[in-house]
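**Q** So I've got this file, coords09.txt, and it contains compact mmCIF, C-alpha atoms and all ligand atoms:
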```txt
# COMPACT_ATOMS: atom_id res chain seq x y z
CA MET A 127 -23.05 11.02 -62.00
CA THR A 128 -22.65 10.56 -58.24
CA ASP A 129 -19.13 10.96 -56.92
CA HIS A 130 -18.78 8.46 -54.07
CA ARG A 131 -15.36 9.70 -52.97
CA LEU A 132 -15.26 10.57 -49.28
CA HIS A 133 -12.52 12.85 -47.96
CA ALA A 134 -10.98 12.39 -44.53
CA PRO A 135 -8.93 15.59 -43.94
CA ALA A 136 -6.39 13.84 -41.67
CA THR A 137 -5.28 11.60 -44.54
CA SER A 138 -3.64 14.53 -46.34
CA ARG A 139 -1.67 15.34 -43.18
CA ASN A 140 -0.55 11.83 -42.18
CA ARG A 141 -0.24 9.87 -45.43
CA ASP A 142 3.41 10.79 -46.20
CA ALA A 143 4.61 10.00 -42.67
CA ILE A 144 2.77 6.68 -42.83
CA LEU A 145 4.25 5.93 -46.27
CA ASP A 146 7.76 6.64 -44.93
CA ALA A 147 7.18 4.37 -41.93
CA LEU A 148 5.82 1.60 -44.14
CA ARG A 149 8.81 1.70 -46.50
CA GLY A 150 10.86 0.18 -43.70
CA VAL A 151 8.23 -2.37 -42.74
CA LEU A 152 6.57 -3.79 -45.86
CA PRO A 153 8.15 -6.46 -48.06
CA ALA A 154 9.39 -5.47 -51.53
CA ALA A 155 6.68 -7.55 -53.20
CA GLY A 156 3.50 -9.33 -52.23
CA LEU A 157 -0.04 -8.52 -51.11
CA VAL A 158 -0.83 -5.89 -48.47
CA LEU A 159 -4.24 -6.21 -46.81
CA GLU A 160 -5.54 -2.91 -45.48
CA VAL A 161 -8.17 -3.30 -42.75
CA ALA A 162 -10.50 -0.31 -42.21
CA SER A 163 -9.60 1.52 -45.42
CA GLY A 164 -12.19 4.23 -44.76
CA SER A 165 -12.26 6.73 -47.62
CA GLY A 166 -9.56 4.83 -49.55
CA GLU A 167 -7.22 7.80 -49.72
CA HIS A 168 -4.41 5.99 -47.90
CA VAL A 169 -4.47 2.89 -50.08
CA VAL A 170 -4.34 4.95 -53.26
CA HIS A 171 -1.40 6.98 -51.93
CA LEU A 172 0.51 3.91 -50.78
CA ALA A 173 -0.15 1.97 -53.98
CA ARG A 174 1.06 4.83 -56.15
CA ASP A 175 4.38 5.06 -54.29
CA LEU A 176 4.91 1.33 -53.72
CA PRO A 177 4.25 -0.13 -57.20
CA GLY A 178 5.98 -3.43 -56.42
CA LEU A 179 3.20 -4.33 -54.00
CA ALA A 180 -0.44 -5.26 -54.59
CA PHE A 181 -2.98 -3.77 -52.18
CA GLN A 182 -6.24 -5.27 -50.93
CA PRO A 183 -8.40 -2.56 -49.31
CA SER A 184 -11.31 -3.48 -47.03
CA ASP A 185 -13.91 -2.02 -44.72
CA PRO A 186 -17.28 -3.14 -43.30
CA SER A 187 -19.00 0.12 -44.30
CA PRO A 188 -20.79 0.12 -47.70
CA GLU A 189 -20.13 3.88 -48.05
CA ALA A 190 -16.43 3.30 -47.45
CA LEU A 191 -16.32 0.51 -50.05
CA LEU A 192 -17.91 2.79 -52.64
CA SER A 193 -15.46 5.55 -51.75
CA VAL A 194 -12.44 3.26 -52.03
CA SER A 195 -13.55 2.09 -55.47
CA ALA A 196 -14.14 5.67 -56.59
CA TRP A 197 -10.71 6.86 -55.41
CA VAL A 198 -8.99 3.88 -57.04
CA GLU A 199 -10.79 4.48 -60.32
CA ALA A 200 -10.03 8.21 -60.28
CA ALA A 201 -6.35 7.64 -59.45
CA ARG A 202 -5.98 4.84 -62.04
CA VAL A 203 -3.67 2.86 -59.79
CA PRO A 204 -3.34 -0.65 -61.28
CA ASN A 205 -2.06 -2.37 -58.12
CA VAL A 206 -5.19 -2.03 -55.94
CA ARG A 207 -7.73 -4.84 -55.88
CA PRO A 208 -11.49 -4.21 -55.58
CA PRO A 209 -12.29 -3.58 -51.90
CA LEU A 210 -13.51 -6.40 -49.68
CA ALA A 211 -16.32 -6.18 -47.14
CA LEU A 212 -14.32 -7.17 -44.08
CA ASP A 213 -15.33 -6.68 -40.45
CA ALA A 214 -12.21 -7.37 -38.40
CA SER A 215 -14.26 -8.76 -35.54
CA GLU A 216 -15.98 -11.39 -37.68
CA ALA A 217 -14.19 -14.68 -38.34
CA PRO A 218 -13.25 -16.05 -40.75
CA TRP A 219 -11.97 -13.14 -42.83
CA PRO A 220 -12.88 -13.28 -46.54
CA ILE A 221 -9.22 -13.59 -47.59
CA ALA A 222 -6.93 -16.57 -47.09
CA SER A 223 -3.51 -14.94 -46.99
CA ALA A 224 -1.57 -11.69 -47.20
CA ASP A 225 2.08 -10.68 -46.87
CA ALA A 226 1.34 -7.72 -44.58
CA VAL A 227 -1.67 -6.24 -42.78
CA VAL A 228 -2.01 -2.47 -42.36
CA CYS A 229 -4.62 -0.85 -40.13
CA ILE A 230 -4.71 2.93 -39.75
CA ASN A 231 -6.85 4.69 -37.15
CA MET A 232 -9.23 1.87 -36.36
CA VAL A 233 -8.52 0.37 -32.96
CA HIS A 234 -9.55 3.53 -31.07
CA ILE A 235 -12.49 4.33 -33.38
CA ALA A 236 -14.18 0.93 -33.11
CA PRO A 237 -15.23 -1.38 -30.27
CA TRP A 238 -12.47 -3.35 -28.53
CA SER A 239 -13.78 -6.47 -30.30
CA ALA A 240 -12.41 -4.96 -33.54
CA ALA A 241 -8.89 -4.88 -32.06
CA GLU A 242 -9.31 -8.44 -30.81
CA GLY A 243 -10.51 -9.56 -34.24
CA LEU A 244 -7.76 -7.63 -35.99
CA VAL A 245 -4.92 -9.46 -34.28
CA ARG A 246 -6.73 -12.81 -34.47
CA GLY A 247 -7.48 -12.41 -38.18
CA ALA A 248 -4.02 -11.05 -39.01
CA ALA A 249 -2.46 -14.04 -37.26
CA GLU A 250 -4.56 -16.31 -39.50
CA VAL A 251 -3.60 -14.72 -42.82
CA LEU A 252 0.07 -13.75 -42.27
CA PRO A 253 3.05 -16.06 -42.78
CA ASP A 254 5.97 -16.28 -40.37
CA GLY A 255 7.82 -12.97 -40.02
CA ALA A 256 5.18 -10.88 -41.79
CA PRO A 257 4.15 -7.52 -40.29
CA LEU A 258 0.93 -6.25 -38.75
CA TYR A 259 1.22 -2.44 -38.88
CA LEU A 260 -0.99 -0.19 -36.75
CA TYR A 261 -1.13 3.60 -36.81
CA GLY A 262 -2.96 5.81 -34.39
CA ALA A 263 -3.12 7.33 -30.91
CA PHE A 264 -2.29 5.08 -27.94
CA ARG A 265 -1.85 5.45 -24.21
CA ARG A 266 1.51 4.23 -22.84
CA GLY A 267 2.07 2.98 -19.32
CA GLY A 268 -1.57 3.73 -18.54
CA VAL A 269 -1.34 7.44 -19.40
CA HIS A 270 -2.03 9.62 -22.40
CA THR A 271 1.08 10.81 -24.22
CA ALA A 272 -0.34 14.30 -24.82
CA ALA A 273 -3.17 16.53 -23.57
CA SER A 274 -4.56 16.58 -27.12
CA ASN A 275 -4.85 12.77 -27.07
CA GLU A 276 -6.70 12.93 -23.75
CA ALA A 277 -9.20 15.40 -25.22
CA PHE A 278 -9.49 13.24 -28.34
CA ASP A 279 -10.17 10.20 -26.14
CA ARG A 280 -12.98 12.05 -24.33
CA SER A 281 -14.52 13.14 -27.63
CA LEU A 282 -14.41 9.57 -28.95
CA ARG A 283 -16.06 8.16 -25.82
CA ASP A 284 -18.74 10.88 -26.03
CA ARG A 285 -19.50 9.79 -29.59
CA ASP A 286 -19.56 6.08 -28.70
CA PRO A 287 -18.77 4.67 -25.25
CA ARG A 288 -17.28 1.57 -26.88
CA TRP A 289 -14.57 3.70 -28.57
CA GLY A 290 -11.48 5.23 -26.99
CA VAL A 291 -7.71 5.59 -27.17
CA ARG A 292 -6.31 2.16 -26.24
CA ASP A 293 -3.46 1.17 -23.97
CA LEU A 294 -0.58 0.08 -26.16
CA GLU A 295 0.24 -2.62 -23.61
CA ALA A 296 -3.29 -4.06 -23.91
CA VAL A 297 -3.03 -4.23 -27.71
CA ALA A 298 0.46 -5.75 -27.40
CA GLY A 299 -0.99 -8.34 -25.01
CA LEU A 300 -3.61 -9.33 -27.59
CA ALA A 301 -0.94 -9.57 -30.26
CA ARG A 302 1.38 -11.67 -28.10
CA HIS A 303 -1.49 -14.02 -27.30
CA ALA A 304 -2.33 -14.36 -31.03
CA GLY A 305 1.27 -15.21 -31.96
CA PHE A 306 3.07 -11.93 -32.70
CA ALA A 307 6.42 -10.59 -31.54
CA GLY A 308 6.95 -6.94 -30.77
CA PRO A 309 5.86 -4.25 -30.74
CA VAL A 310 8.38 -2.05 -32.50
CA VAL A 311 7.07 1.45 -31.81
CA THR A 312 7.91 4.67 -33.68
CA GLY A 313 6.69 8.13 -32.72
CA MET A 314 4.79 9.89 -35.48
CA PRO A 315 3.62 13.49 -35.97
CA ALA A 316 0.66 14.79 -33.95
CA ASN A 317 1.27 12.39 -31.04
CA ASN A 318 0.47 9.26 -33.02
CA LEU A 319 2.43 6.02 -33.12
CA SER A 320 3.41 3.45 -35.69
CA VAL A 321 3.26 0.02 -34.06
CA VAL A 322 4.64 -3.06 -35.80
CA PHE A 323 4.07 -6.65 -34.71
CA ARG A 324 5.65 -9.58 -36.54
CA ARG A 325 4.10 -13.02 -36.83
CA VAL A 326 6.02 -15.80 -35.14
CA ARG A 327 5.12 -19.47 -35.29
C1 LIG A 401 -11.58 6.68 -38.38
S1 LIG A 401 -11.93 5.64 -39.72
C2 LIG A 401 -10.29 5.39 -40.38
C3 LIG A 401 -10.31 5.17 -41.83
C4 LIG A 401 -8.94 5.22 -42.51
N1 LIG A 401 -8.11 4.09 -42.14
C5 LIG A 401 -8.25 6.52 -42.20
O1 LIG A 401 -7.31 6.55 -41.41
O2 LIG A 401 -8.69 7.52 -42.77
C6 LIG A 401 -12.31 4.10 -38.97
C7 LIG A 401 -12.68 3.03 -39.95
O3 LIG A 401 -12.79 1.81 -39.25
C8 LIG A 401 -13.81 1.07 -39.83
N2 LIG A 401 -14.23 0.04 -38.89
C9 LIG A 401 -15.01 0.19 -37.79
N3 LIG A 401 -15.21 -0.98 -37.20
C10 LIG A 401 -14.52 -1.90 -37.93
C11 LIG A 401 -14.34 -3.31 -37.84
N4 LIG A 401 -14.93 -4.02 -36.86
N5 LIG A 401 -13.59 -3.93 -38.76
C12 LIG A 401 -13.00 -3.22 -39.75
N6 LIG A 401 -13.14 -1.89 -39.89
C13 LIG A 401 -13.89 -1.25 -39.01
C14 LIG A 401 -14.88 2.11 -40.15
O4 LIG A 401 -15.82 1.65 -41.10
C15 LIG A 401 -14.03 3.25 -40.63
O5 LIG A 401 -13.85 3.20 -42.04
```
Step by step, read the file and then write its structure as C-alpha cells.

**A**
Amino acid sequence: MTDHRLHAPATSRNRDAILDALRGVLPAAGLVLEVASGSGEHVVHLARDLPGLAFQPSDPSPEALLSVSAWVEAARVPNVRPPLALDASEAPWPIASADAVVCINMVHIAPWSAAEGLVRGAAEVLPDGAPLYLYGAFRRGGVHTAASNEAFDRSLRDRDPRWGVRDLEAVAGLARHAGFAGPVVTGMPANNLSVVFRRVR
C-alpha cells in the first residue's frame, strides 16, 4: 500500500520549541486551525501534547492533504479533524470559526497574497482576543537578523521570485489593518521568530 506520509526534516528540529511557545498562546480548549500544514508532522505533534484542544489541519496542496491524513492515521491522534483544502489567499475560507489560527513557515514560502489572505481570513474566523500565531524567518527594521537568513532569502527568491523572507513590520501592518493587536515577538532557535497577533474588535 502507498505510504503518503511526507517528511519535512525541519519539523523534527523545531516542533518542540513551537509546542513550548504555543503552550503560552493557545486557549486550554477549543479548535485550532492550522493553515499550511504541509506534511502534517506539526499538527500530529501538537495534538498529541495538547489533548484538550481539537486541531483542524489545512493546505491547498493535494499531496500535503494526503500526507496529513496519513500521519494522523499512523499516530492515532483522536483530536485532529480531516484536513481541509484551504488556500489562505482565497476568500471565503471553508471554515466558519476557530479559537486560534497557527501558521508555520508559510508567509516566506508563498506569494505575498498568501500573507494578505492569512490575516484577512484569520480576522474573519477568530473571536475577540483569539491568537493568530506565525512561526518563521522575518526581517526586522528592514534588515535580516542573521547571515543564514539572508542566504535563505536568496535561495527562496531563486526558487520562486514571489517568495522571500518578509519584513515583520509589513506583516504587522497587514495584521493591524485586518483588526489585530500586536505583535508579541519571541526569538526562537535557528534565527526564527514566534509572532502572535490577537484579534481586537
Ligand atoms: C514550507 S511548507 C511549510 C509546511 C509546514 N507548515 C512546515 O512547517 O513544515 C509551506 C506550505 O505552505 C503551503 N502554502 C503555499 N501557499 C499557500 C496558500 N496560499 N495558502 C495556504 N497554504 C499555502 C504549501 O502547500 C506548503 O505546504

**Q** Any idea what the distance is between CA of Glu276 in chain A and CA of Val233 in chain A?

**A**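 About the pair CA of Glu276 in chain A and CA of Val233 in chain A: they are 15.7 Å apart.
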
**Q** So which residues are near ligand LIG 401 (chain A), meaning at most 7 Å away with all atoms listed in the file counted, given back as a PyMOL selection string?

**A** chain A and resi 134+136-137+161-165+168+185-187+190+212-215+229-232+235-237+240

**Q** For Arg266 in chain A, which residue among A:Ser223, A:Arg325, A:Arg288, A:Ala298 is the nearest when counting only C-alpha atoms?

**A**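 The closest residue to Arg266 in chain A is A:Ala298.
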
**Q** Record the distance separating CA of Leu179 in chain A and CA of Ser193 in chain A, expressed in Å with one decimal.

**A**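 So the answer is 21.2 Å.
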
**Q** So that I can see what lies close to range 305-310 of chain A, please list as an mmCIF file with C-alpha atoms, in the coordinates of the input the residues with an atom at most 6 Å from it, counting all atoms listed in the file and leaving out residues fewer than 2 positions away in the same chain.

**A**
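Heads up, here's the output in result-v1.cif:
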```
data_model
loop_
_atom_site.group_PDB
_atom_site.id
_atom_site.type_symbol
_atom_site.label_atom_id
_atom_site.label_comp_id
_atom_site.auth_asym_id
_atom_site.auth_seq_id
_atom_site.Cartn_x
_atom_site.Cartn_y
_atom_site.Cartn_z
ATOM 1 C CA ALA A 301 -0.940 -9.570 -30.260
ATOM 2 C CA ARG A 302 1.380 -11.670 -28.100
ATOM 3 C CA HIS A 303 -1.490 -14.020 -27.300
ATOM 4 C CA VAL A 321 3.260 0.020 -34.060
ATOM 5 C CA VAL A 322 4.640 -3.060 -35.800
ATOM 6 C CA PHE A 323 4.070 -6.650 -34.710
ATOM 7 C CA ARG A 324 5.650 -9.580 -36.540
ATOM 8 C CA ARG A 325 4.100 -13.020 -36.830
ATOM 9 C CA VAL A 326 6.020 -15.800 -35.140
#
```

**Q** At what distance in Å, to one decimal, does CA of Val194 in chain A lie from CA of Arg131 in chain A?

**A** 7.1 Å
